[in-house]
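Input: a single structure, listed below in structure tokens.
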Amino acid sequence: MVGMRRFRGISWMIGGAAGLGINTVAELLSKALVREGFYVFANIEYESLIRGGHSYYRVRYDTRPLNSHVDYVDVLLALDDPSLVGDGGEHSDGHVHELHEGSVVIFDRESSRVEDEVFEELESRGIYVYDVPMTRIVREAAAGGKVNLVVRNMVGFGVSTYVLGLDKDLVESVIRERFAKKEAVAEANVKLHDLGYRYAMENFRDGRRIILDPPPTKEETLIATGNHMAAAGAVRAGLRVWAQYPMTPASRIYRYLEEVKDKYGIFLVQPESELAVINIAIGAAFAGARAGVATSGGGFALMTEALGLAGIAEVPIVVIVASRPGPSTGLPTRQEQGDLRQVLHASQGYYPKAVILPGDPYEVFFDVANAFNIAWKYQMPVIVNYDKHIAESFYTFPYPDQDMYVYEDAKWVSEDELKSIREAGDNYKRFKVTEDGISPLMDLGTEDLVIWSTGNEHNEYGDITERADERVVQMDKRYRKIETFKRELEERFNYYMPVKVYGEPDAEIAIVGWGSTKGVILDLLELLSEDGVNAKFVQIRFAYPFPTEAVKSALEGAKLKVIVENNFDGLMEGLIRENALIEMDQSIRKYDGRPFSLEYLYDRFISLLKEVRVVG
Amino acid sequence: MVGMRRFRGISWMIGGAAGLGINTVAELLSKALVREGFYVFANIEYESLIRGGHSYYRVRYDTRPLNSHVDYVDVLLALDDPSLVGDGGEHSDGHVHELHEGSVVIFDRESSRVEDEVFEELESRGIYVYDVPMTRIVREAAAGGKVNLVVRNMVGFGVSTYVLGLDKDLVESVIRERFAKKEAVAEANVKLHDLGYRYAMENFRDGRRIILDPPPTKEETLIATGNHMAAAGAVRAGLRVWAQYPMTPASRIYRYLEEVKDKYGIFLVQPESELAVINIAIGAAFAGARAGVATSGGGFALMTEALGLAGIAEVPIVVIVASRPGPSTGLPTRQEQGDLRQVLHASQGYYPKAVILPGDPYEVFFDVANAFNIAWKYQMPVIVNYDKHIAESFYTFPYPDQDMYVYEDAKWVSEDELKSIREAGDNYKRFKVTEDGISPLMDLGTEDLVIWSTGNEHNEYGDITERADERVVQMDKRYRKIETFKRELEERFNYYMPVKVYGEPDAEIAIVGWGSTKGVILDLLELLSEDGVNAKFVQIRFAYPFPTEAVKSALEGAKLKVIVENNFDGLMEGLIRENALIEMDQSIRKYDGRPFSLEYLYDRFISLLKEVRVVG
Amino acid sequence: MSTKYTIRDYDYKKPTWCPGCGDFTILNVLKKVFATMGLPPHEVVVVSGIGCGSKLPHYIRVNGFHTIHGRALPIAMGLKIARPDLTVISIGGDGDTFGIGAGHFANVPRSNIGIVHLAQNNGVFGLTTGQPSPTAPKGFRGNIYRPFQPIPVALSAGATFVARTWTGNPNHMEYVIKEAIKHVQEGYGFAFVDIIQYCITYNPVIFGEPFITYYKKREYDLQKDPNYDPSDITMAYKMAYVDGDKFPIGIFYRDTSQKALEVEFGLVNDPPALRPREARDVREILDKYK
Amino acid sequence: MSTKYTIRDYDYKKPTWCPGCGDFTILNVLKKVFATMGLPPHEVVVVSGIGCGSKLPHYIRVNGFHTIHGRALPIAMGLKIARPDLTVISIGGDGDTFGIGAGHFANVPRSNIGIVHLAQNNGVFGLTTGQPSPTAPKGFRGNIYRPFQPIPVALSAGATFVARTWTGNPNHMEYVIKEAIKHVQEGYGFAFVDIIQYCITYNPVIFGEPFITYYKKREYDLQKDPNYDPSDITMAYKMAYVDGDKFPIGIFYRDTSQKALEVEFGLVNDPPALRPREARDVREILDKYK
Ligand SMILES: Cc1ncc(C[n+]2csc(CCOP(=O)(O)OP(=O)(O)O)c2C)c(N)n1
Ligand SMILES: Cc1ncc(C[n+]2csc(CCOP(=O)(O)OP(=O)(O)O)c2C)c(N)n1
Ligand code: SF4
Ligand code: SF4
Ligand SMILES: [Mg+2]
Ligand SMILES: [Mg+2]
């Protein structure tokens with residue numbers, strides 16, 4: 001693809017079969033880059049299999065923040081033939097078409113069956129092919145010992161370090177840190193990296209290097225995925241019990257919690273199914289422990305019945321839904337924003353809840369932590385829905401100021417109140433009718449008093465009721481919680497940020513998005529402003545309660561309203577129509593199981609602009 | 001409640017504890033009335049328990065069609081004290097306040113503890129209390145034999161027959177028919193009915209009777225519930241395998257199918273859970289058998305994951321959802337239209353489907369039958385959603401003309417096609433890309449050819465794919481089915497009737513409703529026209545695909561748009577906003593777990609009109 | 001055993017069960033067990049599913065959570081994890097436990113969480129008006145399945161205490177439930193009691209004989225058999241299949257060699273739900289991502 | 001046995017399993033079984049759940065339905081009801097079968113539907129990268145549960161054929177699967193085969209010993225024990241708990257005294273899915289409501 005538009009920063013890619021260790025290298029490289037002061041965005045495409053197939057990991061970085069990937073590749077570390085030329089399309093179409101004049105390919109030709117013509121063609125396109133005998137280097141390094149060819153990824157890493165002109169010591173320290181628990185492994189990896197680096201230095205001394213100087217000042221940043229921050233946010237909020245059944249792309253949250261469970265006193269359980277997961281969490285939350293679960297859409301489907309129970313029995317539960325393309329098993333390791341309506345309308349009937357839609361890992365941290373506050377303050381399920389692109393991509397973002405999250409506890413019944421209940425010979429009213437709809441909680445085991453609760457409609461005491469009037473009273477009480485919450489959302493708008501607006505507030509073009517499209521839309525905004533197009537980005541962060549007024553005022557006056565969604569059905573577009581009665585002028589949707597790349601979105605947006613201007 | 005407005009027809013009620021046989025009498029009476037040529041609407045309120053508590057069954061009838069109940073009672077057969085004066089509100093507030101001047105109460109005072117003042121007060125209100133020693137009559141009839149006091153319901157029935165002036169022979173024949181399998185039981189019941197009748201004739205000869213003459217000509221009608229007609233519709237459509245796990249108010253469909261399964265060759269299974277139910281049906285449908293299931297919202301929640309499988313694997317499945325008030329177990333035997341969004345957005349992602357909303361048992365018959373046609377023609381799940389008020393209320397409606405349902409088969413792969421596949425050494429393409437999105441089906445076991453299918457995204461052969469392009473192709477193919485279906489819906493609008501308009505098409509007031517509110521809105525329309533208010537009723541019968549254009553044109557020009565929903569959240573109102581961007585002027589919602597009565601709706605509508613006129 | 005509680009201390013609402021229903025016996029026995037074991041009402045939690053029997057928590061003055069169909073077990077498990085200091089009883093019908101809840105019944109015991117599960121096994125779905133439950137005989141109201149075997153399944157699922165009793169013998173029921181609670185109290189883990197329960201309305205007759213006389217004639221108390229060794233799982237399986245003339249009741253199996261989950265993971269003295277409710281410093285976690 | 005099919009007739013796509021995965025053995029054995037039993041590809045259906053092993057239908061040229069996690073059994077049951085004339089194999093991993101699908105595993109056998117269920121029991125969730133499965137030992141990657149016992153649960157659930165084999169002994173696997181299919185063909189009903197399956201990536205070592213040598217050393221063929229009587233369920237239970245030095249494989253239990261569901265209800269010769277596809281006259285039903 002000659003003449004493809006290029007954007008700022010450098011785009012590096014590693015490709016190879018699953019099992020070849022592409023994650024390790026991409027993540028080490030990302031970390032090293034961040035340590036140098038760069039801003040990194042790194043995302044992976046992989047198949048639903050354990051060994052083989054074709055995965056690739058993109059690492060894009062620059063001296064200024066960036067939040068998206070690009071389709072072209074400046075430096076390609078291709079660990080196998082399919083990464084270069086594909087395998088006829090079964091797993092890969094290859095990545096040569098993503099290279100451009102001046103790109104560098106790192107490849108092991110002597111272990112390859114790729115025909116010479118391919119390389120000739122590449123060279124004719126002005127692409128530098130760095131032939132590195134990675135396999136041989138590994139063999140020689142092992143010197144007759146047991147050879148694990150997987151580690152040739154490290155040799156390629158070393159070559160990359162050279163080509164990108166990174167600080168070798170820093171990279172080595174990052175490698176050592178990663179394998180800190182096994183020194184021999186660490187040193188072996190450092191050695192292979194070193195061999196790759198040296199090979200490159202010796203053989204391609206005069207060849208092309210693609211070097212970016214680190215920024216002069218270094219902000220304190222983190223590099224992490226949404227799942228990392230979900231775990232951190234939950235711990236921050238005082239998590240006590242966590243239940244989860246593995247499901248991509250949510251599975252890793254469990255692993256991250258496992259690493260810290262002993263330190264923070266969190267009980268983790270992986271039971272027989274998602275049915276068990278959600279009900280275990282409900283049991284724990286009913287007992288007074290902050291409890292949460294994570295899953296993807298399919299596991300969430302199995303949780304829906306119990307969510308209704310949490311709704312009517314007012315059990316505070318936090319559910320993280322990391323989405324992937326459906327329907328059904330769909331594309332289990334890929335990207336889509338397809339579950340918005342599913343999470344909104346889970347279970348029969350309707351009940352108070354909150355549905356929060358973070359747009360990047362930084363937001364995930366605070367949104368998950370706040371989800372626990374909201375769940376407990378309003379005694380209702382809170383769902384945090386993001387997707388694979390956020391769950392598993394590495395973003396670079398400012399070190400979060402923990403104190404921006406304040407622990408807010410549930411309303412507990414006072415000692416005075418308890419005393420007066422006891423004195424009156426009365427029982428505790430679990431579902432006491434109050435003005436704000438919130439019935440104070442009582443700990444199980446409170447001397448002489450007991451709690452009754454039920455998934456049936458009930459009176460204040462939690463006894464089953466079949467009365468029409470009591471039904472109405474409790475339904476109204478439950479929904480008063482939402483009214484109370486809506487008031488809080490208004491009053492503390494800047495804390496919860498149900499809607500964020502980026503760019504000129506009075507720009508004529510409004511781009512609407514939610515969740516993981518945030519990153520690429522922000523980067524698009526920058527490009528548009530370079531092009532002299534004045535646009536703003538309206539990020540919707542709450543699906544329920546829907547911030548109707550904020551959305552309306554954010555869209556007011558916009559002459560062109562364009563919504564960007566990574567799905568087929570325009571789920572957020574529907575929500576806006578339903579709640580705000582606002583029609584979008586244009587929608588950009590993508591449903592091929594892949595996230596928006598910057599150039600893809602840019603191209604679609606520009607051609608849409610052209611159309612609109614021709615028409616308009 | 002003195003001075004309550006009365007409407008046409010007669011309103012009879014039987015009240016008593018569960019287990020006292022109120023259903024039997026109400027249903028026999030209804031049948032007898034229909035045999036006499038009347039139009040009956042009969043609906044029950046009962047608790048979620050097996051014995052005791054308080055149930056009551058209303059039977060309203062007239063010489064002209066009616067489709068709703070009223071809150072007042074002309075004749076009350078009260079089998080126990082709570083039916084009269086309540087029990088302090090635990091199960092009942094009693095029904096005396098629903099009586100008016102001229103009402104008749106049938107009651108057994110000697111078996112009662114109700115104080116004399118109550119009766120004095122009733123008489124002072126001009127209410128006729130017919131004291132019938134039902135228990136004694138039963139005891140005497142048994143004459144020392146084993147006494148089952150439950151059968152005192154039959155004595156009260158006999159009194160009712162007298163008071164209402166019904167044809168006694170006809171009533172007796174209806175009783176005999178009901179107990180046809182056990183002659184002794186039949187005769188015992190006839191005898192008790194007779195004793196009641198005679199007692200009344202002898203003792204209340206000069207008392208008030210409330211007699212309506214049957215209409216001179218008798219239309220051929222049926223009296224049945226939605227569940228009856230769901231079963232009949234499924235059988236009509238060639239049902240082969242039915243799986244169901246009991247859940248009120250859907251449970252009885254299974255029983256009705258059981259009665260006819262041998263004759264029609266239907267295999268019925270009640271497995272361990274709704275998870276099993278839906279998957280058994282999917283297996284059977286995958287194998288080529290018309291298969292269906294029924295449940296309520298809670299069971300449906302457990303089916304959602306599998307519905308997505310049916311969506312992507314294109315398995316034709318019919319799911320009947322008979323709703324009741326949620327969330328969770330809620331009010332399990334009561335009424336609400338609360339599951340619309342749940343059924344629309346079940347499962348992760350999105351997939352082609354149809355969601356049909358019949359408004360009465362007559363519609364249920366054709367809608368369920370057509371659901372099978374649609375499911376198979378478009379190879380997708382079809383959900384028929386109605387509620388308890390339709391499921392369990394008896395409506396009187398014209399004998400359906402069976403032939404108005406035409407069996408329409410799936411598109412099957414042709415012999416020629418099979419031949420050419422074999423000759424080419426190719427495999428069958430389960431998900432062949434076609435213009436209309438429909439891939440011809442092939443029977444399992446077709447010589448030399450096999451079928452592959454999967455819940456993963458796939459290529460035409462049903463092999464797993466992870467390719468972005470194949471994903472898009474299959475997603476587009478699936479949704480082309482909906483486009484094709486939408487075209488069919490337009491072309492055969494009068495067959496499917498996605499929207500029906502009753503009343504003057506250009507009336508200034510449009511009342512919008514769906515499902516079970518149809519009956520009461522139709523009766524409201526009649527009242528309004530008597531009042532000189534010109535209104536029309538727009539019944540929305542498809543939730544998906546949403547008949548946007550038809551709804552728009554039905555609402556066009558209406559100056560006052562009022563939506564009536566038996567729920568809290570205004571689910572259909574939201575759908576209209578989302579799809580048609582139309583805002584309702586007013587909404588009348590009811591969420592106390594009870595259906596709209598005619599006077600309740602009338603009163604709310606009239607006061608709304610007054611308000612609007614004052615304001616407007 | 002002396003105690004400061006009487007049965008009346010556990011009284012609450014009047015049940016809505018059919019007069020004569022075996023669930024009354026279970027309710028009364030439970031009250032008696034709690035009273036004689038001296039369990040304060042506020043330190044007991046009963047978690048139930050959905051069904052006639054599952055309404056029980058509404059009729060007894062201990063903490064009660066009446067949940068959804070089939071999910072009592074995992075909810076009780078979560079509750080016990082968070083509050084291992086409380087006595088947690090899970091209860092549900094045979095449909096609830098063995099049908100829709102079977103996935104949990106087959107797996108929760110493996111955790112050896114210290115809860116007692118009581119199955120109200122009446123052979124029918126009571127609350128939905130008498131459809132065959134998993135334990136109903138083949139042919140009962142069109143049932144195409146052979147009956148579910150609660151005792152063998154409980155054994156194979158790894159319950160460390162497995163017993164059976166019935167509503168016609170309240171004293172026996174009291175004994176068995178007490179033993180089950182003690183098993184949990186002593187830290188041995190998951191206890192299961194299959195309670196054959198009389199449904200007067202939908203299942204009053206067993207093989208042509210009234211329920212009560214059928215079982216009365218046949219009940220065979222394992223604990224009265226000196227040769228019966230409840231620590232021998234093979235013997236337990238064998239007895240579990242005995243039916244017909246002899247209907248074994250009592251403790252089929254008791255394994256005191258394993259620790260309950262809450263004991264093994266040190267939760268008992270530090271209940272997760274009672275730890276401080278506060279924000280945690282996660283700098284250590286965040287620093288990993290620098 | 002002579003047949004017109006060869007193994008190659010069942011070849012289809014190349015598997016995406018890890019090189020060395022035990023699932024290859026299962027796939028190859030299945031092809032061999034089908035070929036040597038002369039089962040035409042179009043008369044066999046393999047229904048699977050979700051997991052590494054559940055991808056198997058994509059790699060074999062018989063009818064295949066790769067469904068959702070844990071639901072292979074009920075889908076296979078529905079399929080067999082509609083097409084009892086076909087050979088229906090249900091297959092799934094240990095997570096699939098014993099964890100998320102346990103509700104079906106504990107109940108479908110009671111129907112005695114004539115399907116063969118094969119469990120690919122590798123002790124881990126392969127496809128989600130190695131988390132402990134229900135059969136994983138306690139402590140394995142943080143597992144807090146004791147392992148699920150497939151054989152006892154299958155027995156207690158009422159499977160009429162219960163066997164175990166492993167991927168290190170293809171000949172034995174072939175024998176056992178053939179016997180399972182024959183059990184179904186002969187109309188005796190539900191057959192279960194627990195296949196201990198090698199996961200080279202996540203579970204290559206059992207108690208410190210390589211998987212292959214561990215089982216090779218210990219495999220103990222029940223059918224070679226002249227005293228072993230597979231019609232004796234108590235013996236089956238007993239053997240099912242034997243572990244350690246001796247690891248029993250083979251047919252634990254075979255009950256030929258019961259009819260398969262499709263036989264009992266007369267479906268076999270009149271498959272519901274093959275009956276005429278047409279509207280039915282329901283006047284008789286409607287008339288009841290006159
Ligand atoms: C998911 C779901 N499916 C179905 C029901 C309807 N339902 C309520 S109780 C019940 C069965 C009760 O039987 P059992 O568990 O044996 O309890 P019993 O009433 O006999 O005590 C069913 C099917 C429900 N509440 N939830
Ligand atoms: C409802 C649901 N929950 C979780 C998942 C994610 N998932 C896919 S495969 C799998 C486990 C696979 O383990 P197993 O069944 O043992 O099969 P194996 O991969 O070991 O062959 C899980 C949890 C899913 N697909 N669906
Ligand atoms: S139906 Fe049966 S189980 Fe339910 S309350 Fe009545 S007797 Fe008891
Ligand atoms: S992860 Fe294990 S089970 Fe899955 S393919 Fe690899 S070796 Fe086989
Ligand atoms: Mg029961
Ligand atoms: Mg496994």
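Lettering and numbering for the structure tokens are positional, with chains as A, B, ... in the shown order, residues counted from 1 in each chain, and ligands counted from 1 in the shown order.
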Would you kindly report the residues of chain A within 6 Å of chain C, using only C-alpha atoms, as a CSV table (one decimal) with all heavy atoms, in the first residue's frame?
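Generated file (iface24.csv):
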chain,number,residue,atom,x,y,z
A,222,LEU,N,1.6,5.7,33.8
A,222,LEU,CA,1.5,4.3,33.9
A,222,LEU,C,1.3,3.7,32.5
A,222,LEU,O,0.8,4.4,31.6
A,222,LEU,CB,0.4,3.9,34.8
A,222,LEU,CG,0.4,4.2,36.3
A,222,LEU,CD1,-0.8,3.5,37.0
A,222,LEU,CD2,1.7,3.7,36.9
A,223,ILE,N,1.7,2.5,32.3
A,223,ILE,CA,1.2,1.8,31.1
A,223,ILE,C,0.5,0.5,31.5
A,223,ILE,O,1.1,-0.3,32.2
A,223,ILE,CB,2.4,1.5,30.2
A,223,ILE,CG1,1.9,0.6,29.0
A,223,ILE,CG2,3.6,0.9,30.9
A,223,ILE,CD1,2.5,1.0,27.7
A,224,ALA,N,-0.8,0.5,31.2
A,224,ALA,CA,-1.6,-0.6,31.7
A,224,ALA,C,-2.8,-0.8,30.9
A,224,ALA,O,-3.2,0.1,30.1
A,224,ALA,CB,-1.9,-0.4,33.2
A,236,ARG,N,-8.9,-0.8,45.4
A,236,ARG,CA,-9.0,0.6,46.0
A,236,ARG,C,-10.3,0.8,46.7
A,236,ARG,O,-10.3,1.4,47.8
A,236,ARG,CB,-8.9,1.6,44.8
A,236,ARG,CG,-9.1,3.0,45.2
A,236,ARG,CD,-7.9,3.6,45.9
A,236,ARG,NE,-8.1,4.9,46.5
A,236,ARG,CZ,-7.7,5.4,47.7
A,236,ARG,NH1,-7.0,4.6,48.4
A,236,ARG,NH2,-8.0,6.6,48.1
A,237,ALA,N,-11.4,0.3,46.2
A,237,ALA,CA,-12.7,0.5,46.7
A,237,ALA,C,-13.0,-0.5,47.9
A,237,ALA,O,-14.2,-0.5,48.4
A,237,ALA,CB,-13.8,0.4,45.7
A,238,GLY,N,-12.1,-1.2,48.3
A,238,GLY,CA,-12.3,-2.1,49.5
A,238,GLY,C,-12.9,-3.4,49.2
A,238,GLY,O,-13.6,-4.0,50.0
A,240,ARG,N,-13.8,-7.2,48.9
A,240,ARG,CA,-13.6,-8.3,49.9
A,240,ARG,C,-13.8,-9.7,49.3
A,240,ARG,O,-13.1,-10.6,49.6
A,240,ARG,CB,-14.6,-8.1,51.1
A,240,ARG,CG,-14.3,-7.0,52.0
A,240,ARG,CD,-12.9,-7.1,52.6
A,240,ARG,NE,-12.6,-6.0,53.4
A,240,ARG,CZ,-11.3,-5.7,53.8
A,240,ARG,NH1,-10.3,-6.5,53.4
A,240,ARG,NH2,-11.1,-4.6,54.5
A,276,ALA,N,-23.2,-19.5,39.2
A,276,ALA,CA,-22.6,-19.6,40.6
A,276,ALA,C,-21.9,-18.3,40.9
A,276,ALA,O,-22.1,-17.7,42.0
A,276,ALA,CB,-21.7,-20.7,40.7
A,279,ASN,N,-24.3,-15.4,41.9
A,279,ASN,CA,-25.0,-15.7,43.1
A,279,ASN,C,-24.1,-15.7,44.4
A,279,ASN,O,-24.5,-15.3,45.5
A,279,ASN,CB,-25.8,-17.0,43.0
A,279,ASN,CG,-27.0,-16.7,42.1
A,279,ASN,OD1,-27.9,-15.9,42.5
A,279,ASN,ND2,-27.1,-17.3,40.9
A,280,ILE,N,-22.9,-16.2,44.2
A,280,ILE,CA,-21.9,-16.1,45.3
A,280,ILE,C,-21.7,-14.7,45.7
A,280,ILE,O,-21.7,-14.3,46.8
A,280,ILE,CB,-20.6,-16.8,44.9
A,280,ILE,CG1,-20.8,-18.4,44.8
A,280,ILE,CG2,-19.4,-16.4,45.8
A,280,ILE,CD1,-19.6,-19.1,44.3
A,281,ALA,N,-21.5,-13.8,44.7
A,281,ALA,CA,-21.3,-12.4,44.9
A,281,ALA,C,-22.5,-11.8,45.6
A,281,ALA,O,-22.3,-11.0,46.6
A,281,ALA,CB,-21.0,-11.7,43.6
A,283,GLY,N,-24.6,-13.4,47.5
A,283,GLY,CA,-24.6,-13.8,48.9
A,283,GLY,C,-23.6,-13.1,49.8
A,283,GLY,O,-23.9,-12.7,50.9
A,284,ALA,N,-22.4,-12.8,49.2
A,284,ALA,CA,-21.4,-12.1,50.0
A,284,ALA,C,-21.8,-10.7,50.2
A,284,ALA,O,-21.6,-10.1,51.3
A,284,ALA,CB,-20.0,-12.2,49.2
A,287,ALA,N,-24.3,-10.3,52.8
A,287,ALA,CA,-23.7,-10.4,54.1
A,287,ALA,C,-22.9,-9.2,54.5
A,287,ALA,O,-22.4,-9.1,55.6
A,287,ALA,CB,-22.8,-11.7,54.1
A,288,GLY,N,-22.7,-8.2,53.6
A,288,GLY,CA,-22.1,-7.0,53.9
A,288,GLY,C,-20.7,-6.8,53.4
A,288,GLY,O,-20.0,-5.8,53.7
A,289,ALA,N,-20.2,-7.7,52.5
A,289,ALA,CA,-18.9,-7.6,52.0
A,289,ALA,C,-18.9,-6.9,50.6
A,289,ALA,O,-19.8,-7.3,49.8
A,289,ALA,CB,-18.2,-9.0,51.9
A,407,TYR,N,-13.7,6.9,49.5
A,407,TYR,CA,-14.6,5.8,49.9
A,407,TYR,C,-15.9,6.4,50.4
A,407,TYR,O,-15.9,7.2,51.4
A,407,TYR,CB,-13.9,4.9,50.9
A,407,TYR,CG,-14.6,3.6,51.3
A,407,TYR,CD1,-14.2,2.4,50.7
A,407,TYR,CD2,-15.6,3.6,52.2
A,407,TYR,CE1,-14.8,1.3,51.0
A,407,TYR,CE2,-16.3,2.4,52.5
A,407,TYR,CZ,-15.8,1.2,52.0
A,407,TYR,OH,-16.4,0.0,52.3
A,445,GLY,N,-26.4,-10.4,62.1
A,445,GLY,CA,-25.8,-10.7,63.4
A,445,GLY,C,-26.0,-9.6,64.5
A,445,GLY,O,-25.5,-9.7,65.6
A,448,ASP,N,-30.2,-9.5,68.6
A,448,ASP,CA,-31.7,-9.6,68.7
A,448,ASP,C,-32.5,-9.2,67.5
A,448,ASP,O,-33.7,-9.3,67.5
A,448,ASP,CB,-32.2,-8.7,69.9
A,448,ASP,CG,-32.0,-9.4,71.2
A,448,ASP,OD1,-31.8,-10.7,71.1
A,448,ASP,OD2,-32.1,-8.8,72.2
A,449,LEU,N,-31.8,-8.7,66.4
A,449,LEU,CA,-32.6,-8.3,65.3
A,449,LEU,C,-32.2,-9.2,64.0
A,449,LEU,O,-31.0,-9.6,63.9
A,449,LEU,CB,-32.4,-6.8,65.0
A,449,LEU,CG,-33.0,-5.9,66.0
A,449,LEU,CD1,-32.6,-4.5,65.7
A,449,LEU,CD2,-34.5,-6.1,66.1
A,450,VAL,N,-33.1,-9.4,63.2
A,450,VAL,CA,-32.9,-10.2,62.0
A,450,VAL,C,-33.3,-9.5,60.7
A,450,VAL,O,-34.1,-8.5,60.8
A,450,VAL,CB,-33.5,-11.6,62.1
A,450,VAL,CG1,-33.1,-12.3,63.3
A,450,VAL,CG2,-35.0,-11.5,62.0
A,451,ILE,N,-32.8,-10.0,59.6
A,451,ILE,CA,-33.1,-9.4,58.3
A,451,ILE,C,-33.9,-10.4,57.5
A,451,ILE,O,-33.5,-11.6,57.5
A,451,ILE,CB,-31.8,-9.1,57.5
A,451,ILE,CG1,-30.9,-8.1,58.3
A,451,ILE,CG2,-32.1,-8.5,56.1
A,451,ILE,CD1,-29.5,-7.9,57.7
A,452,TRP,N,-35.0,-9.9,56.9
A,452,TRP,CA,-35.6,-10.8,55.9
A,452,TRP,C,-35.5,-10.1,54.6
A,452,TRP,O,-35.7,-8.9,54.4
A,452,TRP,CB,-37.1,-11.0,56.2
A,452,TRP,CG,-37.4,-11.8,57.4
A,452,TRP,CD1,-37.5,-13.2,57.4
A,452,TRP,CD2,-37.8,-11.4,58.7
A,452,TRP,NE1,-37.8,-13.6,58.7
A,452,TRP,CE2,-38.0,-12.6,59.5
A,452,TRP,CE3,-37.9,-10.2,59.3
A,452,TRP,CZ2,-38.3,-12.5,60.8
A,452,TRP,CZ3,-38.2,-10.1,60.6
A,452,TRP,CH2,-38.4,-11.3,61.4
A,453,SER,N,-35.2,-10.9,53.6
A,453,SER,CA,-35.2,-10.4,52.2
A,453,SER,C,-35.7,-11.4,51.2
A,453,SER,O,-35.7,-12.6,51.5
A,453,SER,CB,-33.7,-10.0,51.9
A,453,SER,OG,-33.7,-9.4,50.6
A,454,THR,N,-36.0,-11.0,50.1
A,454,THR,CA,-36.7,-11.8,49.1
A,454,THR,C,-36.7,-11.2,47.7
A,454,THR,O,-36.6,-10.0,47.5
A,454,THR,CB,-38.1,-12.1,49.5
A,454,THR,OG1,-38.8,-12.8,48.5
A,454,THR,CG2,-38.9,-10.8,49.8
A,455,GLY,N,-36.7,-12.1,46.7
A,455,GLY,CA,-36.8,-11.7,45.3
A,455,GLY,C,-38.3,-11.5,44.9
A,455,GLY,O,-38.6,-11.0,43.8
For this session: Just need the residues of chain D within 8 Å of chain C, counting only C-alpha atoms, so spit them out as a PyMOL selection string.
Result: chain D and resi 99-104+106-107+110-112+144-149+152-153+156-158+234+237-238+261
Exercise. Counting only C-alpha atoms and all ligand atoms, which protein, DNA or RNA residues come within 8 Å of ligand 6, given as a ChimeraX atom specification?
Worked result: /D:51-53,93-96,120-127,133
Taking a cut-off of 12 Å and counting only C-alpha atoms and all ligand atoms, can you build a table that, for each residue of chain A near ligand 1, reports the nearest atom pair and how far apart they are in Å (one decimal), sorted by chain then residue number, as a tab-separated table?
residue	atom	partner	partner_atom_place_in_ligand_line	distance
A:Leu275	CA	ligand 1	1 (C)	11.6
A:Leu302	CA	ligand 1	1 (C)	11.2
A:Met303	CA	ligand 1	1 (C)	11.7
A:Thr304	CA	ligand 1	1 (C)	10.8
A:Glu305	CA	ligand 1	1 (C)	7.5
A:Ala306	CA	ligand 1	1 (C)	9.7
A:Gly308	CA	ligand 1	1 (C)	11.5
A:Leu309	CA	ligand 1	26 (N)	11.3
A:Ser347	CA	ligand 1	1 (C)	10.8
A:Gln348	CA	ligand 1	1 (C)	10.6
A:Gly455	CA	ligand 1	25 (N)	9.9
A:Asn456	CA	ligand 1	25 (N)	9.8
